[in-house]
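Colleague: Input file: data.csv. Contents: CSV, C-alpha atoms.
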```csv
chain,number,residue,atom,x,y,z
Y,1,MET,CA,4.8,13.6,-1.8
Y,2,ASN,CA,7.4,12.7,-4.4
Y,3,ALA,CA,9.6,15.6,-3.4
Y,4,ILE,CA,9.2,15.1,0.3
Y,5,PHE,CA,10.0,11.4,0.1
Y,6,LEU,CA,13.1,11.9,-2.1
Y,7,PHE,CA,14.4,14.7,0.1
Y,8,LEU,CA,13.9,12.9,3.4
Y,9,PHE,CA,15.2,9.6,2.0
Y,10,LEU,CA,18.4,11.2,0.7
Y,11,LEU,CA,19.0,13.3,3.8
Y,12,LEU,CA,18.5,10.4,6.2
Y,13,GLY,CA,20.3,8.0,4.0
Y,14,VAL,CA,23.4,10.2,3.7
Y,15,ALA,CA,23.3,10.8,7.5
Y,16,THR,CA,23.2,7.1,8.1
Y,17,LEU,CA,26.3,6.6,5.9
Y,18,PHE,CA,28.1,9.0,8.2
Y,19,THR,CA,27.1,7.1,11.3
Y,20,ASP,CA,27.7,3.5,10.0
Y,21,PRO,CA,27.3,2.5,6.3
Y,22,GLU,CA,26.8,-1.1,7.4
Y,23,LEU,CA,23.5,0.0,9.0
Y,24,PHE,CA,21.9,1.3,5.8
Y,25,LEU,CA,20.5,-1.8,4.2
Y,26,SER,CA,19.5,-3.5,7.4
Y,27,THR,CA,17.7,-0.3,8.6
Y,28,VAL,CA,15.8,0.0,5.3
Y,29,LEU,CA,14.8,-3.7,5.5
Y,30,ASP,CA,14.0,-3.3,9.2
Y,31,GLY,CA,11.6,-0.5,8.2
Y,32,ALA,CA,9.9,-2.6,5.5
Y,33,GLY,CA,9.6,-5.4,8.0
Y,34,ALA,CA,8.0,-3.1,10.5
Y,35,ALA,CA,5.5,-2.2,7.8
Y,36,ALA,CA,4.9,-5.8,7.1
Y,37,SER,CA,4.1,-6.7,10.7
Y,38,LEU,CA,2.1,-3.6,11.2
Y,39,CYS,CA,0.0,-4.5,8.1
Y,40,LEU,CA,-0.5,-8.0,9.4
Y,41,ALA,CA,-1.8,-6.6,12.7
Y,42,LEU,CA,-4.0,-4.2,10.8
Y,43,LEU,CA,-5.3,-7.1,8.6
Y,44,ALA,CA,-6.6,-8.9,11.7
Y,45,SER,CA,-8.3,-5.8,13.2
Y,46,TYR,CA,-9.7,-4.6,9.8
Y,47,ALA,CA,-11.1,-8.0,9.1
Y,48,VAL,CA,-13.0,-7.9,12.5
Y,49,TRP,CA,-14.1,-4.3,12.2
Y,50,LEU,CA,-15.1,-4.5,8.5
Y,51,GLY,CA,-17.1,-7.6,9.3
Y,52,LEU,CA,-18.9,-5.8,12.1
Y,53,MET,CA,-19.5,-2.8,9.8
Y,54,GLN,CA,-20.9,-4.9,7.1
Y,55,VAL,CA,-23.4,-6.2,9.7
Y,56,TRP,CA,-24.3,-2.6,10.5
Y,57,GLU,CA,-24.7,-1.8,6.8
Y,58,ASP,CA,-26.9,-4.8,6.1
Y,59,SER,CA,-29.1,-4.0,9.1
Y,60,GLY,CA,-29.5,-0.3,8.2
Y,61,PHE,CA,-27.6,1.2,11.2
Y,62,THR,CA,-25.1,3.0,9.0
Y,63,ARG,CA,-27.9,4.9,7.2
Y,64,ALA,CA,-29.3,6.0,10.6
Y,65,GLY,CA,-25.8,7.1,11.7
Y,66,ALA,CA,-25.3,9.0,8.4
Y,67,ARG,CA,-28.5,10.8,9.0
Y,68,LEU,CA,-27.3,12.0,12.4
Y,69,LEU,CA,-24.0,13.3,11.2
Y,70,ARG,CA,-25.2,14.6,7.8
Y,71,PRO,CA,-25.7,18.3,8.8
Y,72,LEU,CA,-22.1,18.4,10.0
Y,73,SER,CA,-20.7,16.6,6.9
Y,74,LYS,CA,-22.7,18.8,4.6
Y,75,THR,CA,-21.8,22.2,6.0
Y,76,LEU,CA,-18.2,21.4,6.8
Y,77,LEU,CA,-17.2,19.3,3.7
Y,78,GLY,CA,-19.6,20.6,1.1
Y,79,VAL,CA,-20.8,17.1,0.0
Y,80,GLU,CA,-24.3,16.2,-1.1
Y,81,ASP,CA,-23.9,12.7,-2.6
Y,82,GLU,CA,-25.5,10.0,-0.5
Y,83,PRO,CA,-22.8,7.1,-0.5
Y,84,THR,CA,-20.1,9.7,0.1
Y,85,LEU,CA,-22.0,11.0,3.1
Y,86,VAL,CA,-22.4,7.5,4.5
Y,87,ALA,CA,-18.7,6.8,4.2
Y,88,ILE,CA,-17.8,10.1,5.8
Y,89,SER,CA,-20.2,9.7,8.7
Y,90,MET,CA,-19.0,6.2,9.5
Y,91,ASN,CA,-15.5,7.4,9.4
Y,92,LEU,CA,-16.2,10.3,11.8
Y,93,ALA,CA,-18.2,8.1,14.1
Y,94,ALA,CA,-15.4,5.6,14.4
Y,95,ASN,CA,-12.9,8.5,15.1
Y,96,LEU,CA,-15.2,9.9,17.8
Y,97,LEU,CA,-15.2,6.5,19.5
Y,98,GLY,CA,-11.5,6.2,19.3
Y,99,ILE,CA,-11.6,3.1,17.0
Y,100,GLY,CA,-9.0,4.2,14.4
Y,101,ALA,CA,-8.8,0.8,12.8
Y,102,ALA,CA,-12.5,1.0,11.9
Y,103,ALA,CA,-12.2,4.6,10.7
Y,104,THR,CA,-9.5,3.9,8.1
Y,105,PRO,CA,-11.4,1.7,5.6
Y,106,TYR,CA,-14.3,4.2,5.5
Y,107,GLY,CA,-11.8,7.0,5.2
Y,108,ILE,CA,-10.1,5.5,2.2
Y,109,GLU,CA,-13.5,4.9,0.6
Y,110,ALA,CA,-14.6,8.5,1.3
Y,111,VAL,CA,-11.4,10.0,-0.1
Y,112,GLY,CA,-11.9,8.1,-3.3
Y,113,ARG,CA,-15.5,9.3,-3.6
Y,114,LEU,CA,-14.5,12.9,-2.8
Y,115,ASN,CA,-13.0,13.0,-6.4
Y,116,ASP,CA,-16.5,13.8,-7.6
Y,117,ALA,CA,-17.2,16.5,-5.0
Y,118,PRO,CA,-17.9,20.0,-6.3
Y,119,ASP,CA,-14.6,21.2,-4.8
Y,120,PRO,CA,-12.5,18.1,-4.4
Y,121,GLU,CA,-9.4,19.9,-3.2
Y,122,TYR,CA,-11.2,21.6,-0.4
Y,123,SER,CA,-13.4,18.7,0.6
Y,124,SER,CA,-10.6,16.2,0.8
Y,125,CYS,CA,-8.2,18.6,2.6
Y,126,MET,CA,-11.0,19.3,5.2
Y,127,PHE,CA,-11.7,15.6,5.5
Y,128,PHE,CA,-8.0,15.0,5.9
Y,129,VAL,CA,-7.5,17.5,8.8
Y,130,LEU,CA,-10.6,16.1,10.5
Y,131,ASN,CA,-9.0,12.7,10.5
Y,132,ALA,CA,-5.4,13.9,11.1
Y,133,THR,CA,-6.4,15.9,14.2
Y,134,SER,CA,-9.3,13.6,15.1
Y,135,ILE,CA,-11.5,14.6,18.0
Y,136,GLN,CA,-11.8,11.8,20.5
Y,137,LEU,CA,-14.7,11.6,22.9
Y,138,ILE,CA,-13.1,8.7,24.9
Y,139,PRO,CA,-9.3,8.2,24.8
Y,140,THR,CA,-10.0,4.5,25.5
Y,141,SER,CA,-6.4,3.3,25.0
Y,142,VAL,CA,-4.7,5.9,27.2
Y,143,VAL,CA,-7.2,5.6,30.1
Y,144,GLY,CA,-6.7,1.8,29.9
Y,145,LEU,CA,-3.0,2.2,30.0
Y,146,ARG,CA,-3.1,4.5,33.0
Y,147,ALA,CA,-5.4,2.1,34.9
Y,148,ALA,CA,-3.1,-0.8,34.1
Y,149,LEU,CA,-0.1,1.1,35.5
Y,150,GLY,CA,-1.9,1.8,38.8
Y,151,SER,CA,-2.9,5.5,38.4
Y,152,GLY,CA,-4.9,7.1,41.3
Y,153,SER,CA,-7.4,8.6,38.9
Y,154,PRO,CA,-6.9,7.2,35.4
Y,155,ALA,CA,-9.9,9.1,33.9
Y,156,ASP,CA,-8.8,12.6,34.9
Y,157,ILE,CA,-7.0,13.1,31.6
Y,158,ILE,CA,-10.3,12.8,29.7
Y,159,LEU,CA,-11.3,16.5,30.1
Y,160,PRO,CA,-7.9,18.0,29.2
Y,161,THR,CA,-7.6,15.6,26.3
Y,162,LEU,CA,-11.1,16.6,25.0
Y,163,LEU,CA,-10.2,20.3,25.2
Y,164,THR,CA,-6.8,19.8,23.6
Y,165,THR,CA,-8.1,17.7,20.7
Y,166,ALA,CA,-10.9,20.2,20.2
Y,167,VAL,CA,-8.3,23.0,19.9
Y,168,SER,CA,-6.3,21.1,17.3
Y,169,THR,CA,-9.3,20.2,15.2
Y,170,ILE,CA,-10.9,23.6,15.3
Y,171,VAL,CA,-7.7,25.4,14.5
Y,172,SER,CA,-6.9,23.2,11.5
Y,173,CYS,CA,-10.4,23.3,10.2
Y,174,LEU,CA,-10.3,27.1,10.3
Y,175,LEU,CA,-7.0,27.2,8.5
Y,176,VAL,CA,-8.3,24.9,5.7
Y,177,TRP,CA,-11.5,26.9,5.5
Y,178,VAL,CA,-9.7,30.2,5.2
Y,179,PHE,CA,-6.8,29.2,2.9
Y,180,ILE,CA,-8.1,26.3,0.8
Y,181,LYS,CA,-11.8,26.8,0.2
Y,182,LYS,CA,-12.4,28.4,-3.2
Y,183,HIS,CA,-15.8,30.0,-2.9
Y,184,ARG,CA,-16.4,31.0,0.7
Y,185,ARG,CA,-20.0,31.6,1.7
Y,186,PHE,CA,-19.0,34.7,3.6
Y,187,PHE,CA,-18.0,36.5,0.3
Y,188,THR,CA,-21.0,35.3,-1.7
Y,189,ARG,CA,-23.4,36.5,0.9
Y,190,LYS,CA,-21.7,39.9,0.9
Y,191,GLU,CA,-22.1,40.1,-2.9
Y,192,VAL,CA,-25.7,39.1,-2.7
Y,193,ALA,CA,-26.3,41.8,0.0
Y,194,GLY,CA,-24.5,44.4,-2.3
Y,195,THR,CA,-26.7,43.8,-5.3
S,196,MET,CA,-16.0,4.8,35.7
S,197,ILE,CA,-13.0,2.8,34.3
S,198,LYS,CA,-14.8,-0.5,34.5
S,199,ALA,CA,-17.6,1.1,32.5
S,200,PHE,CA,-15.2,2.0,29.6
S,201,SER,CA,-14.0,-1.6,29.3
S,202,PHE,CA,-17.6,-2.6,28.5
S,203,VAL,CA,-18.0,-0.2,25.6
S,204,ILE,CA,-16.5,-2.4,22.8
S,205,PRO,CA,-17.9,-5.7,23.9
S,206,ILE,CA,-21.4,-4.2,24.1
S,207,LEU,CA,-20.9,-2.6,20.7
S,208,PHE,CA,-20.2,-6.0,19.2
S,209,LEU,CA,-22.8,-8.1,21.1
S,210,GLY,CA,-25.5,-5.4,20.8
S,211,SER,CA,-25.0,-5.0,17.0
S,212,LEU,CA,-25.1,-8.7,16.3
S,213,ALA,CA,-28.2,-9.2,18.4
S,214,LEU,CA,-30.0,-6.2,16.9
S,215,ALA,CA,-29.0,-7.3,13.4
S,216,ALA,CA,-30.3,-10.8,14.0
S,217,MET,CA,-33.6,-9.3,15.2
S,218,ARG,CA,-33.8,-7.4,11.9
S,219,LYS,CA,-33.4,-10.8,10.1
S,220,VAL,CA,-29.9,-10.1,8.8
S,221,LYS,CA,-27.9,-13.2,8.0
S,222,VAL,CA,-25.1,-12.2,10.5
S,223,TYR,CA,-22.6,-14.9,9.4
S,224,ASP,CA,-22.9,-14.0,5.7
S,225,SER,CA,-22.6,-10.3,6.4
S,226,PHE,CA,-19.7,-10.6,8.8
S,227,THR,CA,-17.6,-12.8,6.5
S,228,LYS,CA,-18.5,-10.6,3.5
S,229,GLY,CA,-17.1,-7.6,5.3
S,230,ALA,CA,-14.1,-9.3,6.6
S,231,ALA,CA,-13.2,-10.4,3.0
S,232,ARG,CA,-12.6,-6.8,2.1
S,233,ALA,CA,-9.8,-6.5,4.6
S,234,ALA,CA,-7.1,-8.3,2.6
S,235,PRO,CA,-7.3,-6.3,-0.7
S,236,LEU,CA,-7.4,-3.1,1.4
S,237,ILE,CA,-4.3,-4.0,3.3
S,238,LEU,CA,-2.4,-5.0,0.1
S,239,SER,CA,-3.3,-1.6,-1.4
S,240,ILE,CA,-2.0,0.4,1.6
S,241,PHE,CA,1.1,-1.7,2.3
S,242,PRO,CA,3.6,0.1,-0.1
S,243,PHE,CA,2.6,3.5,1.4
S,244,VAL,CA,2.9,2.4,5.0
S,245,MET,CA,6.3,0.9,4.1
S,246,ALA,CA,7.6,4.2,2.7
S,247,VAL,CA,6.8,5.9,6.1
S,248,THR,CA,8.2,3.2,8.3
S,249,VAL,CA,11.5,3.0,6.3
S,250,LEU,CA,11.9,6.8,6.8
S,251,THR,CA,11.1,6.4,10.5
S,252,LYS,CA,13.8,3.7,11.0
S,253,LEU,CA,16.3,5.7,9.0
S,254,LEU,CA,15.6,8.7,11.2
S,255,SER,CA,16.5,6.9,14.3
S,256,ALA,CA,19.5,5.0,12.8
S,257,SER,CA,21.0,8.1,11.3
S,258,GLY,CA,21.2,9.7,14.8
S,259,LEU,CA,19.4,12.8,13.4
S,260,GLU,CA,16.5,12.1,15.7
S,261,ASP,CA,18.6,12.8,18.8
S,262,ASP,CA,20.1,15.9,17.2
S,263,LEU,CA,16.6,17.1,16.3
S,264,LEU,CA,15.5,16.5,19.9
S,265,SER,CA,18.3,18.4,21.5
S,266,LEU,CA,17.8,21.1,19.0
S,267,LEU,CA,14.1,21.4,19.8
S,268,ALA,CA,14.4,21.1,23.5
S,269,PRO,CA,14.9,24.9,24.2
S,270,ALA,CA,12.0,25.7,21.9
S,271,PHE,CA,9.7,23.3,23.8
S,272,ARG,CA,10.8,24.8,27.1
S,273,PHE,CA,10.0,28.2,25.8
S,274,PHE,CA,6.4,27.2,25.1
S,275,GLY,CA,6.0,25.5,28.4
S,276,ILE,CA,6.1,21.9,27.0
S,277,PRO,CA,8.2,19.6,29.2
S,278,GLU,CA,11.2,18.4,27.1
S,279,GLU,CA,10.8,14.9,28.4
S,280,ILE,CA,7.8,14.4,26.1
S,281,ALA,CA,9.6,15.9,23.0
S,282,GLY,CA,10.3,12.4,21.5
S,283,LEU,CA,6.6,11.4,21.9
S,284,ILE,CA,5.5,14.6,20.3
S,285,LEU,CA,7.7,14.0,17.2
S,286,LEU,CA,6.8,10.3,16.9
S,287,LYS,CA,3.0,10.7,17.3
S,288,PRO,CA,2.4,12.1,13.8
S,289,LEU,CA,4.3,9.2,12.3
S,290,SER,CA,3.4,6.1,14.2
S,291,GLY,CA,0.5,5.2,16.4
S,292,GLY,CA,2.0,1.9,17.6
S,293,GLY,CA,5.4,3.4,18.3
S,294,SER,CA,4.0,6.3,20.2
S,295,ILE,CA,1.8,4.2,22.5
S,296,ALA,CA,4.9,2.2,23.4
S,297,MET,CA,6.8,5.4,24.1
S,298,LEU,CA,3.9,6.7,26.2
S,299,ALA,CA,4.0,3.6,28.3
S,300,ASP,CA,7.7,4.1,28.9
S,301,LEU,CA,7.2,7.7,30.0
S,302,LEU,CA,4.4,6.7,32.4
S,303,GLU,CA,6.6,4.2,34.1
S,304,LYS,CA,9.7,6.4,34.1
S,305,TYR,CA,8.1,9.5,35.7
S,306,GLY,CA,5.2,7.9,37.6
S,307,VAL,CA,1.6,7.6,36.2
S,308,ASP,CA,0.2,10.7,38.0
S,309,SER,CA,3.1,13.0,37.6
S,310,TYR,CA,2.8,16.3,35.6
S,311,VAL,CA,5.1,15.0,32.8
S,312,ALA,CA,3.0,11.8,32.5
S,313,ARG,CA,-0.3,13.6,32.4
S,314,CYS,CA,1.1,16.0,29.8
S,315,ALA,CA,2.3,13.0,27.8
S,316,CYS,CA,-1.2,11.4,27.9
S,317,VAL,CA,-3.0,14.5,26.8
S,318,ALA,CA,-0.4,15.2,24.1
S,319,TYR,CA,-0.8,11.6,22.8
S,320,GLY,CA,-4.5,12.3,22.4
S,321,ALA,CA,-4.2,15.8,21.0
S,322,SER,CA,-3.8,14.6,17.4
S,323,ASP,CA,-3.8,11.5,15.2
S,324,THR,CA,-1.0,10.1,13.2
S,325,VAL,CA,-0.9,12.9,10.6
S,326,PHE,CA,1.6,11.4,8.2
S,327,TYR,CA,0.2,7.9,8.5
S,328,VAL,CA,-3.3,9.2,7.6
S,329,ALA,CA,-1.9,11.2,4.7
S,330,ALA,CA,0.0,8.2,3.4
S,331,VAL,CA,-2.8,5.7,3.8
S,332,TYR,CA,-6.0,7.7,2.9
S,333,PHE,CA,-4.4,9.4,0.0
S,334,SER,CA,-2.5,6.5,-1.4
S,335,GLY,CA,-2.7,6.8,-5.1
S,336,ILE,CA,-4.8,10.0,-5.1
S,337,LYS,CA,-3.2,13.3,-6.1
S,338,ARG,CA,-4.2,16.4,-4.3
S,339,LYS,CA,-2.3,19.6,-4.9
S,340,LYS,CA,-3.1,21.2,-1.5
S,341,LEU,CA,-2.5,18.1,0.6
S,342,SER,CA,0.9,19.2,1.8
S,343,LEU,CA,-0.6,22.5,2.9
S,344,ALA,CA,-3.2,20.6,4.8
S,345,ILE,CA,-0.5,18.5,6.4
S,346,PHE,CA,1.3,21.7,7.5
S,347,PHE,CA,-2.0,23.0,8.9
S,348,SER,CA,-2.6,19.9,10.9
S,349,LEU,CA,0.9,19.9,12.4
S,350,LEU,CA,0.6,23.6,13.2
S,351,ALA,CA,-2.8,23.0,15.0
S,352,TYR,CA,-1.2,20.0,16.7
S,353,PHE,CA,1.6,22.1,18.1
S,354,LEU,CA,-0.7,24.9,19.2
S,355,SER,CA,-2.9,22.4,21.0
S,356,LEU,CA,0.2,21.0,22.8
S,357,ILE,CA,0.8,24.4,24.3
S,358,VAL,CA,-2.8,24.5,25.5
S,359,CYS,CA,-2.4,21.0,26.8
S,360,CYS,CA,0.6,21.6,28.9
S,361,ALA,CA,-1.0,24.8,30.3
S,362,LEU,CA,-4.2,22.9,31.1
S,363,CYS,CA,-2.4,20.1,32.8
S,364,ARG,CA,-1.0,22.6,35.3
S,365,VAL,CA,-4.5,23.6,36.4
S,366,ILE,CA,-6.7,20.6,35.9
```
What do you get writing this file as structure tokens?
Modeller:
Amino acid sequence: MNAIFLFLFLLLGVATLFTDPELFLSTVLDGAGAAASLCLALLASYAVWLGLMQVWEDSGFTRAGARLLRPLSKTLLGVEDEPTLVAISMNLAANLLGIGAAATPYGIEAVGRLNDAPDPEYSSCMFFVLNATSIQLIPTSVVGLRAALGSGSPADIILPTLLTTAVSTIVSCLLVWVFIKKHRRFFTRKEVAGT
Amino acid sequence: MIKAFSFVIPILFLGSLALAAMRKVKVYDSFTKGAARAAPLILSIFPFVMAVTVLTKLLSASGLEDDLLSLLAPAFRFFGIPEEIAGLILLKPLSGGGSIAMLADLLEKYGVDSYVARCACVAYGASDTVFYVAAVYFSGIKRKKLSLAIFFSLLAYFLSLIVCCALCRVI
């Protein structure tokens, strides 16, 4: 991340000097300001969603949800630890419902907990691609936008969206599984069969 | 169908609170306790979000964004992706808020039910904000393979876009 940031910052900064050096500082401050207003908006929506999720946690709904998604989290992410599974399941559930704001706090917690996973590199990379290419069951915001703009059939993008997002998730999971996982079950099973 | 979707979130809230109350949870205490976690969380992610937004603003101010777009247009055409949505495709991995604004622009410009607009909608949903997720989730945590994972997500995203534009022709 250090190398990427430095490279991009220098490249874009120098390019800006060629267009208009006066723009440089105001653009950087503009960017920081955008982050500030974004974080303020996020603060409002996180407060609401985290409040709701605390209610879920205190009434035991999260544990029920975690139980539902546990098989998936276990096989895909290789995690056994209970609190980690809860955080991961809540994050995945929020992603499926298209509530990104609610997914983020649980995602951050899960990534922190994945430090103690048997294979932290693999688990956190797999968790990252699941979030980065998130499967959405209902693209709520897009359907709403199309309806607002007077589309004849606002919901007809749901099926292609579902297929497309499934492709991106499956492909990236496969790539991570093949290239990042250390001990693949495929090989161990072969060895067992050989002996 | 659409009316039904607008009830999902309200019902989620009202149902959860009602069920929690039935289970004798002190709803007000829980709700405020959870909400209190928001401020420290936001403070901890702010610097990492800022780094991304500064780069995004520099990208458009430097004029490199336009160069990049005109450079990529032929490649997009080759894969059957309409070049009108190239800007959206590049912005989506960086900023969720920015790309929904751009999507709204595209829908108005080309007509909500046009091929370009439908492609744009599906492309918007094809992937999440890859760089944003990387910056926010992994703020302060070091993972050697994370950049590889970022590359994989972008690759998968691009593949799914090709599928998306082909799908939009038939469905």
Colleague: Distance atom CA of Y:Thr133-atom CA of S:Thr324, one decimal place?
Modeller: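 Taking atom CA of Y:Thr133 and atom CA of S:Thr324, their separation equals 8.0 Å.
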Colleague: Do me a favour and pick out the residues of chain S within 6 Å of chain Y, using only C-alpha atoms, as a list in words.
Modeller: Ala215, Ser225, Phe226, Thr227, Gly229, Ala230, Ala233, Val244, Met245, Thr248, Val249, Lys252, Leu253, Ser257, Val307, Val317, Gly320, Ala321, Ser322, Asp323, Val325, Tyr332, Ala344, Phe347, Ser348, Ala351, Tyr352, Ser355 and Cys359 of chain S
Colleague: Just to confirm, what's the straight-line distance from atom CA of Y:Ser89 to atom CA of Y:Ala103 in Å (one decimal)?
Modeller: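 These two atoms are separated by 9.7 Å.
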Colleague: Using all atoms listed in the file, which residues sit within 7 Å of S:Val331 once same-chain residues fewer than 3 positions away are excluded, as a count of residues only?
Modeller: 6
Colleague: At what distance in Å, to one decimal, does atom CA of S:Leu356 lie from atom CA of S:Ala299?
Modeller: 18.6 Å
Colleague: When you count all atoms listed in the file, which of these residues is closest to Y:Asp81: Y:Leu68, Y:Leu114, Y:Leu6, Y:Ala94?
Modeller: Y:Leu114
Colleague: Please identify all polymer residues within 8 Å of stretch 361-366 of chain S, counting all atoms listed in the file, omitting same-chain residues fewer than 2 positions from it, and present them as a PDB file with C-alpha atoms, keeping the file's coordinate frame.
Modeller:
```pdb
ATOM      1  CA  PRO Y 160      -7.900  18.000  29.200  1.00  0.00           C
TER       2      PRO Y 160
ATOM      3  CA  GLY S 275       6.000  25.500  28.400  1.00  0.00           C
ATOM      4  CA  TYR S 310       2.800  16.300  35.600  1.00  0.00           C
ATOM      5  CA  ARG S 313      -0.300  13.600  32.400  1.00  0.00           C
ATOM      6  CA  CYS S 314       1.100  16.000  29.800  1.00  0.00           C
ATOM      7  CA  ILE S 357       0.800  24.400  24.300  1.00  0.00           C
ATOM      8  CA  VAL S 358      -2.800  24.500  25.500  1.00  0.00           C
ATOM      9  CA  CYS S 359      -2.400  21.000  26.800  1.00  0.00           C
TER      10      CYS S 359
END
```
